[in-house]
Every structure is written in C-alpha cells, then in structure tokens.
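**Student:** Next comes start-v9.txt, compact mmCIF, C-alpha atoms:
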# COMPACT_ATOMS: atom_id res chain seq x y z
CA MET A 1 0.00 0.00 0.00
CA ILE A 2 1.03 3.62 -0.39
CA PRO A 3 2.64 4.91 2.83
CA LYS A 4 0.16 6.94 4.88
CA ARG A 5 2.83 9.07 6.53
CA LEU A 6 5.72 10.32 4.40
CA LYS A 7 9.10 11.50 5.75
CA GLY A 8 7.95 10.55 9.24
CA TYR A 9 5.68 13.57 9.48
CA TRP A 10 2.62 12.86 11.65
CA ILE A 11 -0.69 14.46 10.68
CA LYS A 12 -2.57 15.61 13.77
CA SER A 13 -5.40 17.34 11.94
CA ILE A 14 -6.03 18.78 8.52
CA ALA A 15 -8.22 21.71 7.54
CA MET A 16 -9.72 22.04 4.13
CA MET A 17 -12.30 24.18 2.44
CA VAL A 18 -12.50 22.59 -0.96
CA ALA A 19 -13.60 23.84 -4.33
CA VAL A 20 -16.84 23.71 -6.18
CA PHE A 21 -14.76 24.37 -9.24
CA LEU A 22 -13.52 21.40 -11.25
CA PHE A 23 -11.50 21.78 -14.39
CA LEU A 24 -11.64 18.47 -16.20
CA VAL A 25 -10.69 17.70 -19.71
CA VAL A 26 -11.44 14.86 -22.09
CA GLY A 27 -8.29 13.88 -24.02
CA CYS A 28 -7.20 17.52 -23.62
CA ALA A 29 -10.74 18.93 -23.74
CA GLU A 30 -11.97 21.39 -21.10
CA GLU A 31 -15.16 21.23 -19.08
CA LYS A 32 -16.38 23.05 -15.97
CA LYS A 33 -18.82 21.45 -13.55
CA ASP A 34 -20.69 22.57 -10.45
CA ILE A 35 -20.74 20.43 -7.35
CA SER A 36 -23.94 19.59 -5.52
CA GLU A 37 -23.91 19.43 -1.72
CA SER A 38 -26.56 16.68 -1.76
CA THR A 39 -24.05 13.86 -2.05
CA VAL A 40 -22.15 14.56 1.18
CA THR A 41 -22.19 11.59 3.54
CA GLN A 42 -24.51 12.29 6.47
CA ILE A 43 -22.17 11.49 9.34
CA SER A 44 -20.61 13.42 12.22
CA LEU A 45 -17.07 14.35 11.28
CA ALA A 46 -15.98 16.17 14.43
CA GLU A 47 -12.51 15.24 15.67
CA ILE A 48 -11.95 12.66 12.92
CA ASP A 49 -8.52 12.54 11.32
CA LEU A 50 -8.88 13.32 7.59
CA PRO A 51 -6.78 10.39 6.32
CA LYS A 52 -8.83 8.03 8.50
CA LEU A 53 -12.04 9.57 7.17
CA LEU A 54 -10.91 9.14 3.59
CA GLU A 55 -9.84 5.55 4.21
CA GLU A 56 -13.33 4.79 5.51
CA GLU A 57 -15.42 6.77 3.02
CA ILE A 58 -13.58 6.62 -0.31
CA PRO A 59 -14.31 2.89 -0.88
CA LYS A 60 -18.02 3.68 -0.38
CA LEU A 61 -17.94 6.53 -2.89
CA MET A 62 -16.06 4.35 -5.36
CA LYS A 63 -18.64 1.58 -5.05
CA GLN A 64 -21.54 4.02 -5.47
CA ASN A 65 -20.02 5.48 -8.62
CA LYS A 66 -18.53 2.27 -10.08
CA VAL A 67 -14.95 3.55 -9.87
CA PRO A 68 -12.61 0.53 -9.73
CA GLY A 69 -9.45 2.33 -8.59
CA ALA A 70 -8.32 5.66 -7.18
CA ALA A 71 -5.38 7.31 -5.46
CA ILE A 72 -5.38 10.45 -3.32
CA ALA A 73 -2.55 12.60 -1.94
CA ILE A 74 -2.59 15.50 0.53
CA ILE A 75 0.06 18.22 0.38
CA HIS A 76 0.70 20.38 3.46
CA GLN A 77 2.89 23.48 3.32
CA GLY A 78 4.32 22.33 0.00
CA HIS A 79 5.25 18.91 1.41
CA LEU A 80 3.81 15.57 0.29
CA GLU A 81 2.37 14.42 3.56
CA TRP A 82 -0.09 11.59 2.99
CA ALA A 83 -1.08 9.36 0.09
CA GLU A 84 -3.27 6.30 -0.26
CA GLY A 85 -4.40 3.92 -2.97
CA PHE A 86 -7.91 2.46 -3.12
CA GLY A 87 -9.53 -0.35 -5.08
CA TYR A 88 -8.18 -2.05 -8.16
CA ALA A 89 -5.84 -1.10 -10.97
CA ASN A 90 -7.05 -4.25 -12.74
CA VAL A 91 -10.37 -5.70 -11.63
CA LYS A 92 -10.10 -8.97 -13.56
CA LYS A 93 -6.65 -9.76 -12.17
CA LYS A 94 -7.41 -8.31 -8.71
CA ILE A 95 -4.37 -6.03 -8.85
CA ALA A 96 -4.69 -3.36 -6.17
CA VAL A 97 -3.77 0.30 -6.60
CA ASP A 98 -0.47 1.02 -4.82
CA GLU A 99 2.36 3.56 -4.86
CA LYS A 100 3.64 2.24 -8.20
CA THR A 101 0.29 2.17 -9.99
CA ILE A 102 0.45 4.34 -13.09
CA PHE A 103 -2.48 6.46 -14.30
CA GLN A 104 -2.90 8.49 -17.44
CA VAL A 105 -3.46 12.06 -16.24
CA ALA A 106 -4.63 13.36 -19.63
CA SER A 107 -4.68 17.16 -19.87
CA ASN A 108 -2.79 17.53 -16.62
CA SER A 109 0.07 16.77 -19.02
CA LYS A 110 -0.28 20.38 -20.20
CA SER A 111 0.79 21.73 -16.82
CA VAL A 112 3.90 19.56 -16.74
CA ASN A 113 4.64 20.50 -20.36
CA SER A 114 4.64 24.15 -19.35
CA LEU A 115 7.58 23.53 -17.03
CA GLY A 116 9.49 22.15 -20.01
CA ILE A 117 8.71 25.22 -22.11
CA LEU A 118 9.69 27.65 -19.33
CA LYS A 119 12.89 25.68 -18.81
CA LEU A 120 13.83 26.39 -22.42
CA VAL A 121 12.95 30.05 -21.89
CA GLU A 122 15.31 30.17 -18.90
CA GLN A 123 18.00 28.58 -21.06
CA ALA A 124 17.43 31.34 -23.65
CA LYS A 125 16.48 28.75 -26.27
CA LEU A 126 12.89 29.99 -26.50
CA ASP A 127 11.22 33.39 -26.35
CA LEU A 128 7.63 33.39 -25.12
CA ASP A 129 6.69 36.24 -27.43
CA LYS A 130 8.36 35.18 -30.66
CA PRO A 131 6.26 33.52 -33.38
CA VAL A 132 6.30 29.77 -32.97
CA GLU A 133 6.87 29.61 -36.74
CA SER A 134 10.42 30.89 -36.20
CA TYR A 135 11.25 27.61 -34.41
CA LEU A 136 9.65 25.23 -36.92
CA SER A 137 10.94 23.43 -39.98
CA ARG A 138 9.07 20.10 -40.00
CA TRP A 139 5.55 21.59 -40.16
CA HIS A 140 4.00 25.04 -40.51
CA ILE A 141 0.68 26.59 -39.57
CA PRO A 142 -1.50 26.64 -42.70
CA ASP A 143 -2.13 30.01 -44.32
CA SER A 144 -5.49 31.57 -43.48
CA ASP A 145 -7.25 34.90 -43.11
CA TYR A 146 -5.33 35.41 -39.86
CA ASP A 147 -1.68 36.29 -39.30
CA LYS A 148 0.19 33.18 -38.16
CA GLU A 149 3.17 35.33 -37.17
CA LYS A 150 1.06 36.40 -34.19
CA VAL A 151 0.94 32.79 -32.87
CA THR A 152 3.50 32.91 -30.06
CA ILE A 153 4.60 30.42 -27.43
CA ARG A 154 2.81 32.43 -24.74
CA LYS A 155 -0.45 32.34 -26.69
CA LEU A 156 -0.14 28.61 -27.28
CA LEU A 157 0.39 27.97 -23.57
CA SER A 158 -2.57 30.15 -22.60
CA HIS A 159 -5.01 28.85 -25.26
CA THR A 160 -5.21 32.29 -26.88
CA SER A 161 -3.39 31.38 -30.11
CA GLY A 162 -6.57 31.09 -32.18
CA LEU A 163 -5.73 27.50 -33.16
CA SER A 164 -8.29 24.73 -33.55
CA LEU A 165 -8.61 21.14 -32.29
CA HIS A 166 -9.97 20.88 -28.78
CA GLY A 167 -8.88 17.35 -27.84
CA TYR A 168 -8.02 13.78 -28.89
CA PRO A 169 -9.85 10.45 -28.33
CA GLY A 170 -6.54 8.59 -28.66
CA TYR A 171 -5.38 5.48 -30.52
CA PRO A 172 -6.46 1.98 -29.38
CA LYS A 173 -3.83 -0.73 -29.07
CA GLY A 174 -2.86 -2.06 -32.48
CA LYS A 175 -3.65 1.15 -34.35
CA LYS A 176 -0.64 2.83 -35.94
CA LEU A 177 0.21 6.19 -34.43
CA PRO A 178 0.74 9.12 -36.79
CA THR A 179 3.86 11.24 -36.81
CA LEU A 180 3.61 14.65 -35.15
CA GLU A 181 3.45 16.26 -38.58
CA GLU A 182 0.66 13.91 -39.66
CA SER A 183 -1.26 14.58 -36.46
CA LEU A 184 -1.01 18.35 -36.95
CA SER A 185 -2.15 17.92 -40.55
CA GLY A 186 -5.34 16.13 -39.57
CA LYS A 187 -4.31 12.46 -39.57
CA ASN A 188 -5.14 12.13 -35.88
CA SER A 189 -7.79 10.49 -33.72
CA ALA A 190 -9.88 13.68 -33.78
CA LYS A 191 -9.69 13.76 -37.60
CA GLU A 192 -9.15 17.51 -37.48
CA LYS A 193 -6.39 19.75 -38.80
CA VAL A 194 -4.65 22.25 -36.56
CA LYS A 195 -5.37 25.62 -38.16
CA LEU A 196 -6.08 29.23 -37.31
CA ILE A 197 -9.77 29.80 -36.69
CA PHE A 198 -9.59 33.04 -34.66
CA GLU A 199 -7.40 36.12 -34.52
CA PRO A 200 -4.44 35.23 -32.23
CA GLY A 201 -4.62 36.88 -28.81
CA LYS A 202 -8.23 38.00 -29.06
CA GLN A 203 -10.04 35.21 -27.23
CA TYR A 204 -9.64 32.05 -25.17
CA GLN A 205 -10.08 28.91 -27.27
CA TYR A 206 -8.97 25.67 -25.59
CA SER A 207 -6.65 23.91 -28.04
CA GLY A 208 -5.03 20.55 -27.50
CA GLY A 209 -3.72 21.05 -31.03
CA GLY A 210 -1.80 24.09 -29.82
CA TYR A 211 -0.01 21.94 -27.25
CA THR A 212 0.87 19.40 -29.92
CA LEU A 213 2.51 22.28 -31.77
CA LEU A 214 4.46 23.09 -28.57
CA GLN A 215 5.59 19.46 -28.48
CA LEU A 216 6.94 19.82 -32.01
CA ALA A 217 8.69 23.08 -31.09
CA ILE A 218 10.46 21.37 -28.18
CA GLU A 219 11.69 18.60 -30.46
CA GLU A 220 12.86 21.07 -33.09
CA ILE A 221 14.78 23.19 -30.58
CA THR A 222 16.35 20.41 -28.51
CA LYS A 223 16.93 17.87 -31.30
CA GLN A 224 15.63 15.27 -28.84
CA SER A 225 12.41 13.33 -28.63
CA TYR A 226 9.84 15.07 -26.47
CA SER A 227 9.88 12.19 -23.97
CA GLU A 228 13.67 12.30 -23.58
CA PHE A 229 13.74 16.05 -23.03
CA MET A 230 10.93 16.05 -20.46
CA LYS A 231 12.49 13.13 -18.58
CA SER A 232 15.94 14.68 -18.31
CA GLU A 233 14.90 18.29 -17.68
CA ILE A 234 11.70 17.99 -15.64
CA LEU A 235 10.66 14.52 -14.46
CA ASP A 236 14.03 13.26 -13.18
CA PRO A 237 15.00 16.51 -11.41
CA LEU A 238 11.64 16.49 -9.58
CA GLY A 239 12.18 12.88 -8.47
CA MET A 240 9.36 11.55 -10.64
CA SER A 241 11.12 8.25 -11.26
CA ASN A 242 7.91 6.33 -12.02
CA SER A 243 6.64 8.83 -14.59
CA LEU A 244 7.06 9.18 -18.33
CA PHE A 245 5.52 10.70 -21.42
CA ALA A 246 4.82 7.34 -23.02
CA LEU A 247 4.12 7.04 -26.71
CA HIS A 248 2.91 3.43 -26.40
CA SER A 249 0.78 2.98 -23.28
CA GLU A 250 0.76 -0.81 -23.59
CA GLU A 251 4.49 -0.77 -22.79
CA VAL A 252 4.04 1.09 -19.48
CA PRO A 253 4.59 -1.18 -16.45
CA ASN A 254 1.93 -1.12 -13.72
CA LEU A 255 -0.55 0.85 -15.82
CA ALA A 256 -4.05 0.90 -14.33
CA VAL A 257 -6.73 -0.34 -16.71
CA GLY A 258 -9.17 2.39 -17.74
CA TYR A 259 -12.88 1.64 -17.28
CA LYS A 260 -16.16 2.89 -18.72
CA LYS A 261 -19.05 4.04 -16.51
CA SER A 262 -20.59 0.63 -17.07
CA GLY A 263 -17.56 -1.01 -15.48
CA LYS A 264 -16.35 -2.48 -18.77
CA ALA A 265 -12.64 -2.10 -19.48
CA TYR A 266 -11.39 0.03 -22.35
CA PRO A 267 -8.67 -1.32 -24.63
CA ILE A 268 -5.30 0.28 -23.96
CA ILE A 269 -5.30 3.70 -25.62
CA SER A 270 -2.17 5.68 -26.56
CA TYR A 271 -1.49 9.26 -27.61
CA ARG A 272 1.00 10.70 -30.09
CA GLU A 273 0.05 14.09 -28.67
CA LEU A 274 2.11 13.73 -25.49
CA ALA A 275 2.22 17.37 -24.40
CA ALA A 276 -1.57 17.53 -24.57
CA ALA A 277 -2.50 14.17 -23.04
CA GLY A 278 0.39 11.69 -22.73
CA LEU A 279 1.79 11.83 -19.17
CA HIS A 280 1.74 8.53 -17.28
CA THR A 281 2.42 8.89 -13.55
CA SER A 282 1.78 7.56 -10.05
CA ILE A 283 0.03 9.37 -7.20
CA VAL A 284 3.28 9.99 -5.32
CA ASP A 285 5.09 11.25 -8.41
CA PHE A 286 2.30 13.52 -9.53
CA ALA A 287 1.92 14.92 -6.02
CA LYS A 288 5.67 15.71 -6.11
CA PHE A 289 5.06 17.77 -9.23
CA VAL A 290 2.10 19.61 -7.69
CA ALA A 291 4.05 20.26 -4.48
CA SER A 292 7.04 21.53 -6.46
CA ILE A 293 5.24 24.64 -7.66
CA VAL A 294 5.13 26.04 -4.11
CA GLU A 295 7.68 26.34 -1.32
CA ASP A 296 8.19 23.27 0.87
CA LYS A 297 8.03 24.83 4.33
CA ILE A 298 8.65 21.51 6.05
CA GLU A 299 11.95 20.63 4.38
CA MET A 300 12.75 24.25 3.43
CA LYS A 301 12.92 23.65 -0.32
CA PRO A 302 12.25 26.49 -2.77
CA ALA A 303 9.26 26.74 -5.07
CA GLY A 304 10.30 25.36 -8.43
CA ARG A 305 12.69 22.94 -6.65
CA GLU A 306 15.58 24.54 -8.54
CA VAL A 307 14.07 23.32 -11.81
CA LEU A 308 12.42 26.69 -12.44
CA SER A 309 12.85 30.15 -10.94
CA ASN A 310 10.22 32.16 -9.09
CA LYS A 311 10.13 34.48 -12.10
CA SER A 312 9.07 31.59 -14.33
CA LEU A 313 6.46 30.43 -11.81
CA ASP A 314 5.05 33.95 -11.65
CA MET A 315 4.69 33.97 -15.43
CA MET A 316 2.96 30.59 -15.46
CA PHE A 317 0.53 31.64 -12.74
CA THR A 318 -0.43 34.99 -14.30
CA PRO A 319 -3.87 34.61 -15.94
CA VAL A 320 -4.07 35.64 -19.58
CA LEU A 321 -7.74 35.09 -20.41
CA ASN A 322 -10.55 33.04 -18.83
CA GLY A 323 -8.48 32.42 -15.69
CA TYR A 324 -5.94 30.38 -17.64
CA GLY A 325 -2.24 31.16 -17.27
CA LEU A 326 0.57 29.28 -18.96
CA GLY A 327 -0.59 25.68 -18.55
CA PHE A 328 -2.55 26.17 -15.33
CA VAL A 329 -5.95 27.43 -14.20
CA ILE A 330 -5.60 30.23 -11.64
CA ILE A 331 -8.40 31.13 -9.24
CA SER A 332 -7.71 34.47 -7.55
CA ARG A 333 -10.36 35.84 -5.19
CA GLN A 334 -10.53 37.29 -1.67
CA GLY A 335 -6.75 37.43 -1.45
CA LYS A 336 -6.43 33.71 -2.24
CA GLU A 337 -4.61 32.20 -5.21
CA LEU A 338 -5.41 28.61 -6.11
CA ILE A 339 -3.60 26.72 -8.84
CA THR A 340 -5.48 23.85 -10.48
CA HIS A 341 -5.98 21.73 -13.57
CA GLY A 342 -7.83 18.57 -14.48
CA GLY A 343 -7.70 15.81 -17.01
CA ALA A 344 -9.84 13.08 -18.54
CA ASN A 345 -8.69 10.59 -21.13
CA LEU A 346 -10.96 7.65 -21.92
CA GLY A 347 -11.06 5.64 -18.69
CA TYR A 348 -9.14 8.13 -16.53
CA GLN A 349 -10.15 11.27 -14.63
CA SER A 350 -7.95 13.36 -12.34
CA ASN A 351 -7.65 16.72 -10.65
CA PHE A 352 -5.32 18.75 -8.44
CA TYR A 353 -5.60 21.95 -6.42
CA ILE A 354 -2.96 23.80 -4.43
CA ASN A 355 -2.99 27.08 -2.52
CA ARG A 356 0.06 28.97 -3.68
CA ASP A 357 0.43 30.90 -0.41
CA SER A 358 -0.10 28.17 2.19
CA GLY A 359 1.17 25.29 0.06
CA ASP A 360 -1.81 23.11 1.00
CA GLY A 361 -3.29 20.97 -1.75
CA ILE A 362 -4.92 17.75 -2.87
CA VAL A 363 -4.42 15.38 -5.83
CA ILE A 364 -6.99 12.78 -6.96
CA LEU A 365 -6.41 10.17 -9.70
CA THR A 366 -8.99 7.62 -10.90
CA ASN A 367 -9.25 4.94 -13.58
CA SER A 368 -12.87 5.41 -14.61
CA ASP A 369 -15.09 7.65 -16.70
CA SER A 370 -17.12 7.95 -13.47
CA GLY A 371 -14.15 9.50 -11.73
CA LEU A 372 -15.49 13.05 -12.04
CA ILE A 373 -18.53 12.26 -9.91
CA MET A 374 -16.38 10.54 -7.29
CA ILE A 375 -14.00 13.50 -7.22
CA GLN A 376 -16.94 15.85 -6.70
CA GLU A 377 -18.30 13.77 -3.84
CA THR A 378 -14.85 13.44 -2.25
CA ILE A 379 -14.50 17.21 -2.30
CA ASN A 380 -17.93 17.60 -0.71
CA LEU A 381 -16.94 15.15 2.01
CA ILE A 382 -13.72 16.99 2.79
CA LYS A 383 -15.49 20.34 2.74
CA LYS A 384 -18.02 19.05 5.27
CA TRP A 385 -15.21 17.64 7.38
CA GLU A 386 -13.48 21.03 7.44
CA THR A 387 -16.55 22.88 8.70
CA GLU A 388 -16.79 20.57 11.73
CA ASN A 389 -13.14 20.71 12.77
CA GLN A 390 -10.63 23.22 14.05
CA ASN A 391 -7.34 22.69 12.25
CA SER A 392 -4.31 24.32 10.73
CA TYR A 393 -4.67 23.82 6.99
CA GLN A 394 -5.37 26.74 4.66
CA PHE A 395 -6.51 25.46 1.29
CA GLY A 396 -8.34 28.66 0.54
CA PHE A 397 -11.17 27.06 -1.39
CA GLU A 398 -13.70 29.39 0.21
CA ALA A 399 -12.61 31.79 -2.55
CA ILE A 400 -14.32 29.68 -5.19
Show me the file's structure as structure tokens.
**Tutor:**
Amino acid sequence: MIPKRLKGYWIKSIAMMVAVFLFLVVGCAEEKKDISESTVTQISLAEIDLPKLLEEEIPKLMKQNKVPGAAIAIIHQGHLEWAEGFGYANVKKKIAVDEKTIFQVASNSKSVNSLGILKLVEQAKLDLDKPVESYLSRWHIPDSDYDKEKVTIRKLLSHTSGLSLHGYPGYPKGKKLPTLEESLSGKNSAKEKVKLIFEPGKQYQYSGGGYTLLQLAIEEITKQSYSEFMKSEILDPLGMSNSLFALHSEEVPNLAVGYKKSGKAYPIISYRELAAAGLHTSIVDFAKFVASIVEDKIEMKPAGREVLSNKSLDMMFTPVLNGYGLGFVIISRQGKELITHGGANLGYQSNFYINRDSGDGIVILTNSDSGLIMIQETINLIKKWETENQNSYQFGFEAI
C-alpha cells in the first residue's frame, strides 16, 4: 500500500475548504462542472482525522459510482504528507492500486509540459513572445485569413493562439500512431487539422492542437524526442522516477486499466500528442510535481525545486484570459490564489488543487469515466469535514 505518513511527518489534523470548481478535460478537452452538496455523507465528522475519514469513506464513494481504482494525496505546506491507494488497478486480475500504480493524467500533461517550455525560456532557447513559426521546420501553420506570425509560445500555452482542435480520443492498441506532422495535418484520432480559426490573442479557445505544436517546437529546438527532453529536464529533477511521457501505453509497467461508466474495461489507448495528453504517472510522483510549484516549508525547499525560478512560476501563474495562465488554471479571489488543472482521457479522470500561499493541496487520480462524480463527492466530504473541525490547513477554497 502507499505509505500513509511520508518523511515521518505525523498528521494531527487537517483543515480544508474545498472547491466547487472542477477543471476536467477529455483527451485535452476542457469542461467546468458545479458540485452539488446533496451527495455529502450524512455522518458526524468532528474530531476525525482526515486520512482516516478518507480511508473509511472513499471505498463507499467508489462503489456508489462504479470507480474501480483511485489514489489520493494530501500536500501540506508544500510537502507531500499523505497518500493512499484504493480499489483495483485491474479488476479482472485483482491487482490493487499502490504507490507504483500508473495512471494516465490526460490534460494535466499540459501543466507539466509548461515547465518544459519555461525551462527552455530560462536557457534562452525559447522566447515566449516570438512567433512559434520561427522555431519550426518540419511543419508550418497553414495560411489563413489570420496572421500566423502572431501565434507565439505564450499564446499557445494560454489557449489564446486562435488555433483549432480541442482534444483527442486517442489510438487503441494495435492502431498505428501518426507522426507529429501527420497529427497536426489532420491524420489524428480527432480527424481535425490544426489551423487558425480566430485572430491570435483576441479570445480564449482551448486547443489541444496548440499543445501538440508546442511538443513539435520542443523537439525542433532540442533535437531530442519530447519524452527524452521532459524526462531529463523535468521529471528526473523532480524525483518523478515512475513517470514518463509514453508514446505506447501498452508498454508502461503497472498501468491501471481504464474503465467505462458501465464497469467495462477500455482497450489500452495511446497518444501521439504527449504534451496535450500523454503523461503517465503515479500518485506519489504527480503529487511531487504539484508540491514543487510552491515552497516546501517543512523541508525548506524552494518553489520550483531549482528546476524553475520564481520568475518563471510567476509567469505561469499569471492569468491571460478566462483564468488560464501558462498551462494552469488560476483562481484568484478574496486574497487567495489557487492553482489547479484537471484531465480526462478515456477511462481516466484526475484533478489537483494547491494554494500557492499556504502550500496546502490535494491530488486525486482515478481509472474510470465515473471518476469526475467521485472526485466531486470526495470534495464535498472533505469540505463538510473542514466545517466541523478546528485545524491548521489553509486550502483557501472558500474563494471559489
């Protein structure tokens, strides 16, 4: 099982006021949902330790919503403090979710990709405000009524580039994956070309296709595969040893099977579009990433973990349009700043939230299309728990 106490730190009590805002995406698509209070378990939560509460209640929520497997992590003051696996990674084989279970985190890949882009900016190999065309040779944005020279790296990261193609269904096992150039040209699972459909910079238009273009730019600049670059520059330095941007999901060890709402398993589905939807990771690894964007006040480690500077973090967490920064959703109200994103590939749903000031956050990964409902109900449960307890956590979700 995943260790319930990490680094020997003992949780005495945890406070949380959790969001009614969920940002979930289907194969790099974006969707916002409201959360109903009606699903909160009707029990007294006073003086109950949050990990113990989750251990008791999560299996019930999973059963109600037909979610075979899930993993949850709690971050306190920028430090990964508690994590737990629930249910099955593979129902047929009775393989339990544990610390090495790998989930597809879908459009959460975009947030990790942004660290790679900002790393290249820090190395002076990329300029956020130069046309992406100046970095490309293998493929070019098709001519249109709009000026493609206005499509910059910053606009691609913030979904304000004016490019098309919302998201990707993915490629079932046995189906040949296209090249990046073929995918951008329309030979992809969405059967849609990446092209300019709006004036760059004028409006927010969620574009998984734009992130595929960022993937190509990284390969062009570094002369490496996208997976190799992200592993050496981002994943390994953050200690994400069980994570990878995997081109062929069937080759990933310990991958949780993805399930439909009916409980039927999906075939293994892969993605050429790694920056948009291709990160494979465990609960502990992904929580390390989420924790890394804020200061670790327990072990006195800087925000960015020496992978990125505070200047780069500030740029990523500055909203451009529609509350979206450079690869992250930013919720800023009542003096609170919450950083979040969500993801949903076929058979997988996930979400994270972290308070940039306090460093308190939560990560939830599931292997079911029903995961969104379970995530909503888990948040309701934790919110109810917080109102009945006096504790030291400051998640700041009352701002939502």
**Student:** Quote the spacing between atom CA of A:Ala96 and atom CA of A:Val67 in Å to one decimal place.
**Tutor:**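 Here the two named atoms are 12.9 Å from each other.
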**Student:** If we count all atoms listed in the file and set the cut-off at 8 Å, which residues sit around A:Lys336, ignoring sequence neighbours fewer than 3 positions away in its own chain? Please answer as a short mmCIF file (atom, residue, chain, number, x, y, z; two decimals) with C-alpha atoms, in the coordinates of the input.
**Tutor:**
data_model
loop_
_atom_site.label_atom_id
_atom_site.label_comp_id
_atom_site.auth_asym_id
_atom_site.auth_seq_id
_atom_site.Cartn_x
_atom_site.Cartn_y
_atom_site.Cartn_z
CA ILE A 331 -8.40 31.13 -9.24
CA SER A 332 -7.71 34.47 -7.55
CA ARG A 333 -10.36 35.84 -5.19
CA ASN A 355 -2.99 27.08 -2.52
CA ASP A 357 0.43 30.90 -0.41
CA GLY A 396 -8.34 28.66 0.54
CA ALA A 399 -12.61 31.79 -2.55
#
**Student:** Check the smallest atom-to-atom distance from each of A:His280, A:His140, A:Lys311, A:Lys60 to A:Lys231 using only C-alpha atoms, then report the winner.
**Tutor:**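 With only C-alpha atoms as the atom set, the closest residue is A:His280.
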**Student:** Between A:Leu184, A:Val320, A:Ser270, A:Val284, single out the one closest to A:Lys155, counting all atoms listed in the file.
**Tutor:**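 Result for the nearest residue to A:Lys155: A:Val320.
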**Student:** Which residues are near A:Glu337? Cut-off 12 Å, all atoms listed in the file, ignore same chain within fewer than 4 positions. Put them as a list in words.
**Tutor:**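 Residues meeting the cut-off are Val294, Asp314, Phe317, Thr318, Pro319, Gly323, Phe328, Val329, Ile330, Ile331, Ser332, Arg333, Tyr353, Ile354, Asn355, Arg356, Asp357, Ser358, Gly359, Asp360, Gly361, Gln394, Phe395, Gly396, Phe397, Glu398, Ala399 and Ile400 of chain A.
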**Student:** Next, write the just-selected residues to a file, as a compact mmCIF listing (two decimals), keeping the file's coordinate frame, keeping C-alpha atoms as the atom set.
**Tutor:**
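This went into out17.txt:
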# COMPACT_ATOMS: atom_id res chain seq x y z
CA VAL A 294 5.13 26.04 -4.11
CA ASP A 314 5.05 33.95 -11.65
CA PHE A 317 0.53 31.64 -12.74
CA THR A 318 -0.43 34.99 -14.30
CA PRO A 319 -3.87 34.61 -15.94
CA GLY A 323 -8.48 32.42 -15.69
CA PHE A 328 -2.55 26.17 -15.33
CA VAL A 329 -5.95 27.43 -14.20
CA ILE A 330 -5.60 30.23 -11.64
CA ILE A 331 -8.40 31.13 -9.24
CA SER A 332 -7.71 34.47 -7.55
CA ARG A 333 -10.36 35.84 -5.19
CA TYR A 353 -5.60 21.95 -6.42
CA ILE A 354 -2.96 23.80 -4.43
CA ASN A 355 -2.99 27.08 -2.52
CA ARG A 356 0.06 28.97 -3.68
CA ASP A 357 0.43 30.90 -0.41
CA SER A 358 -0.10 28.17 2.19
CA GLY A 359 1.17 25.29 0.06
CA ASP A 360 -1.81 23.11 1.00
CA GLY A 361 -3.29 20.97 -1.75
CA GLN A 394 -5.37 26.74 4.66
CA PHE A 395 -6.51 25.46 1.29
CA GLY A 396 -8.34 28.66 0.54
CA PHE A 397 -11.17 27.06 -1.39
CA GLU A 398 -13.70 29.39 0.21
CA ALA A 399 -12.61 31.79 -2.55
CA ILE A 400 -14.32 29.68 -5.19
**Student:** In terms of the shortest atom-to-atom distance over all atoms listed in the file, which of A:Ile298, A:Leu163, A:Thr179, A:Leu308 is closest to A:Gly116?
**Tutor:**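 Comparing A:Ile298, A:Leu163, A:Thr179, A:Leu308 against A:Gly116, the winner is A:Leu308.
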**Student:** Can you pull out every residue within 12 Å of A:Asp127, counting all atoms listed in the file, but drop anything in the same chain fewer than 2 positions away, and send it as a list of chain:residue names?
**Tutor:**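 Everything that qualifies: A:Ile117, A:Leu118, A:Lys119, A:Leu120, A:Val121, A:Glu122, A:Gln123, A:Ala124, A:Lys125, A:Asp129, A:Lys130, A:Pro131, A:Val132, A:Glu133, A:Ser134, A:Tyr135, A:Thr152, A:Ile153, A:Arg154, A:Lys155, A:Ala217, A:Ile221.
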**Student:** Could you please determine the separation between atom CA of A:Gly239 and atom CA of A:Leu128 in Å, to one decimal place?
**Tutor:** 26.8 Å
**Student:** Which of these, A:Val257, A:Leu321, A:Met230, A:Leu213, has the shortest distance to A:Arg272 once you count all atoms listed in the file?
**Tutor:** A:Leu213
